[in-house]
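> Input: one structure, supplied below.
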Amino acid sequence: MSLEDKMIQDFITLVETQSLLFADYPGEVEALIESLPEDKEGMSDAIADWYESHPPIRDAMDAMSGNVISDYSKAPGTQGHAPPPPDPKTYRNILENAIRRIQSPPK
């Protein structure tokens, strides 16, 4: 998995699991998702630029990415192949759905 994929997936995980961090930035998060470029490197850069100016989210992302080196240095457990990471359009859809879920009132 590329570093871009790892960063995008960490951001998605953060949105899905720590939604309270985003409560103060609802319009900003939507604007970020709508403005994401169509390529993974651009998406990753845009997300990083955004969260760098939001300290609570930056700190959570830094905590999540603290294991990047150890994640990539693990020996493979099988000879099978992992599925390829999603394409940028799929990442955008996943993020849009995650944002909708955290902004919907509980039923």
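The way I read the labels, and the way they are meant: chains A, B, ... in the order of the structure tokens, residue 1 as the first residue of every chain, and ligand 1 as the first ligand shown, with later ones counted on from there.
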Give me the residues within 12 Å of Leu21 of chain A as a PyMOL selection string, counting only C-alpha atoms and dropping any in the same chain fewer than 4 places off.

chain A and resi 11+14-17+25-26+29+51+54-61+102

> May I have the selected residues written with N, CA and C atoms, as a PDB file, in the first residue's frame?


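New file selection15.pdb:
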ATOM      1  N   PHE A  11      -7.426   8.759   7.295  1.00  0.00           N
ATOM      2  CA  PHE A  11      -8.372   9.859   7.424  1.00  0.00           C
ATOM      3  C   PHE A  11      -9.811   9.330   7.433  1.00  0.00           C
ATOM      4  N   LEU A  14     -10.471   7.815  10.739  1.00  0.00           N
ATOM      5  CA  LEU A  14     -10.654   8.858  11.748  1.00  0.00           C
ATOM      6  C   LEU A  14     -12.059   9.452  11.669  1.00  0.00           C
ATOM      7  N   VAL A  15     -12.535   9.738  10.473  1.00  0.00           N
ATOM      8  CA  VAL A  15     -13.892  10.271  10.305  1.00  0.00           C
ATOM      9  C   VAL A  15     -14.910   9.278  10.852  1.00  0.00           C
ATOM     10  N   GLU A  16     -14.716   8.003  10.560  1.00  0.00           N
ATOM     11  CA  GLU A  16     -15.688   6.982  10.962  1.00  0.00           C
ATOM     12  C   GLU A  16     -15.645   6.656  12.455  1.00  0.00           C
ATOM     13  N   THR A  17     -14.477   6.752  13.070  1.00  0.00           N
ATOM     14  CA  THR A  17     -14.347   6.296  14.455  1.00  0.00           C
ATOM     15  C   THR A  17     -14.236   7.415  15.483  1.00  0.00           C
ATOM     16  N   TYR A  25     -16.167  21.414  12.565  1.00  0.00           N
ATOM     17  CA  TYR A  25     -15.783  21.750  11.189  1.00  0.00           C
ATOM     18  C   TYR A  25     -16.712  21.155  10.128  1.00  0.00           C
ATOM     19  N   PRO A  26     -18.027  21.093  10.352  1.00  0.00           N
ATOM     20  CA  PRO A  26     -18.886  20.369   9.398  1.00  0.00           C
ATOM     21  C   PRO A  26     -18.841  20.921   7.980  1.00  0.00           C
ATOM     22  N   VAL A  29     -15.360  20.259   6.331  1.00  0.00           N
ATOM     23  CA  VAL A  29     -15.111  18.878   5.910  1.00  0.00           C
ATOM     24  C   VAL A  29     -15.822  18.601   4.586  1.00  0.00           C
ATOM     25  N   TYR A  51      -5.851  19.032   7.270  1.00  0.00           N
ATOM     26  CA  TYR A  51      -5.769  18.676   8.689  1.00  0.00           C
ATOM     27  C   TYR A  51      -4.593  19.339   9.391  1.00  0.00           C
ATOM     28  N   HIS A  54      -5.867  22.121  11.417  1.00  0.00           N
ATOM     29  CA  HIS A  54      -6.870  21.745  12.419  1.00  0.00           C
ATOM     30  C   HIS A  54      -6.182  20.867  13.466  1.00  0.00           C
ATOM     31  N   PRO A  55      -5.569  21.494  14.489  1.00  0.00           N
ATOM     32  CA  PRO A  55      -4.715  20.764  15.443  1.00  0.00           C
ATOM     33  C   PRO A  55      -5.293  19.494  16.055  1.00  0.00           C
ATOM     34  N   PRO A  56      -6.553  19.444  16.488  1.00  0.00           N
ATOM     35  CA  PRO A  56      -7.031  18.181  17.077  1.00  0.00           C
ATOM     36  C   PRO A  56      -7.017  17.027  16.065  1.00  0.00           C
ATOM     37  N   ILE A  57      -7.361  17.338  14.834  1.00  0.00           N
ATOM     38  CA  ILE A  57      -7.380  16.299  13.795  1.00  0.00           C
ATOM     39  C   ILE A  57      -5.957  15.943  13.390  1.00  0.00           C
ATOM     40  N   ARG A  58      -5.104  16.944  13.301  1.00  0.00           N
ATOM     41  CA  ARG A  58      -3.690  16.691  12.986  1.00  0.00           C
ATOM     42  C   ARG A  58      -3.074  15.759  14.022  1.00  0.00           C
ATOM     43  N   ASP A  59      -3.341  16.035  15.302  1.00  0.00           N
ATOM     44  CA  ASP A  59      -2.767  15.202  16.363  1.00  0.00           C
ATOM     45  C   ASP A  59      -3.271  13.760  16.276  1.00  0.00           C
ATOM     46  N   ALA A  60      -4.562  13.597  15.980  1.00  0.00           N
ATOM     47  CA  ALA A  60      -5.120  12.245  15.847  1.00  0.00           C
ATOM     48  C   ALA A  60      -4.515  11.528  14.637  1.00  0.00           C
ATOM     49  N   MET A  61      -4.352  12.247  13.536  1.00  0.00           N
ATOM     50  CA  MET A  61      -3.733  11.637  12.346  1.00  0.00           C
ATOM     51  C   MET A  61      -2.285  11.266  12.637  1.00  0.00           C
ATOM     52  N   ILE A 102     -21.834  10.886   9.920  1.00  0.00           N
ATOM     53  CA  ILE A 102     -21.547  11.608  11.175  1.00  0.00           C
ATOM     54  C   ILE A 102     -22.393  12.863  11.314  1.00  0.00           C
TER      55      ILE A 102
END

> Which residues, written as an MDAnalysis selection string, have at least one atom at most 9 Å from Lys89 of chain A, with only C-alpha atoms counted and residues fewer than 4 positions away on the same chain left out?

chainID A and resid 38:39 93:94

> Among the residues of chain A, find those DSSP assigns to helix (DSSP H, G or I) from the backbone and print them as a VMD selection string.

chain A and resid 3 to 17 19 to 22 26 to 35 40 to 52 55 to 72 88 to 103

> Counting only C-alpha atoms, which residue out of A:Leu3, A:Leu20, A:Ala46, A:Ala63 sits closest to Ile33 of chain A?

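Ranked by minimum distance to Ile33 of chain A, first place goes to A:Ala46.
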
> Pick out the closest residue to Leu36 of chain A from this set: A:Ile99, A:Trp50, A:Asp5, A:Pro83. Count only C-alpha atoms.

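Closest candidate: A:Trp50.
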
> Select, from A:Lys40, A:Pro85, A:Arg92, A:Glu28, the residue with the minimum atom-to-atom distance to Met1 of chain A, counting only C-alpha atoms.

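Under the stated criterion, the closest residue is A:Pro85.
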
> Tell me, in Å to one decimal, how far atom CA of Gln103 of chain A is from atom CA of Gly66 of chain A.

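It comes out at 28.1 Å.
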
> Could you pull the residues within 8 Å of Glu4 of chain A, counting only C-alpha atoms, minus those fewer than 4 positions along the same chain, as an mmCIF file with C-alpha atoms, in the first residue's frame?


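The result, written out as out21.cif:
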data_model
loop_
_atom_site.group_PDB
_atom_site.id
_atom_site.type_symbol
_atom_site.label_atom_id
_atom_site.label_comp_id
_atom_site.auth_asym_id
_atom_site.auth_seq_id
_atom_site.Cartn_x
_atom_site.Cartn_y
_atom_site.Cartn_z
ATOM 1 C CA ILE A 8 -6.358 8.546 2.901
ATOM 2 C CA LYS A 40 -4.549 9.776 -5.013
ATOM 3 C CA GLU A 41 -1.477 11.967 -4.590
ATOM 4 C CA SER A 44 -3.579 12.840 -0.001
#
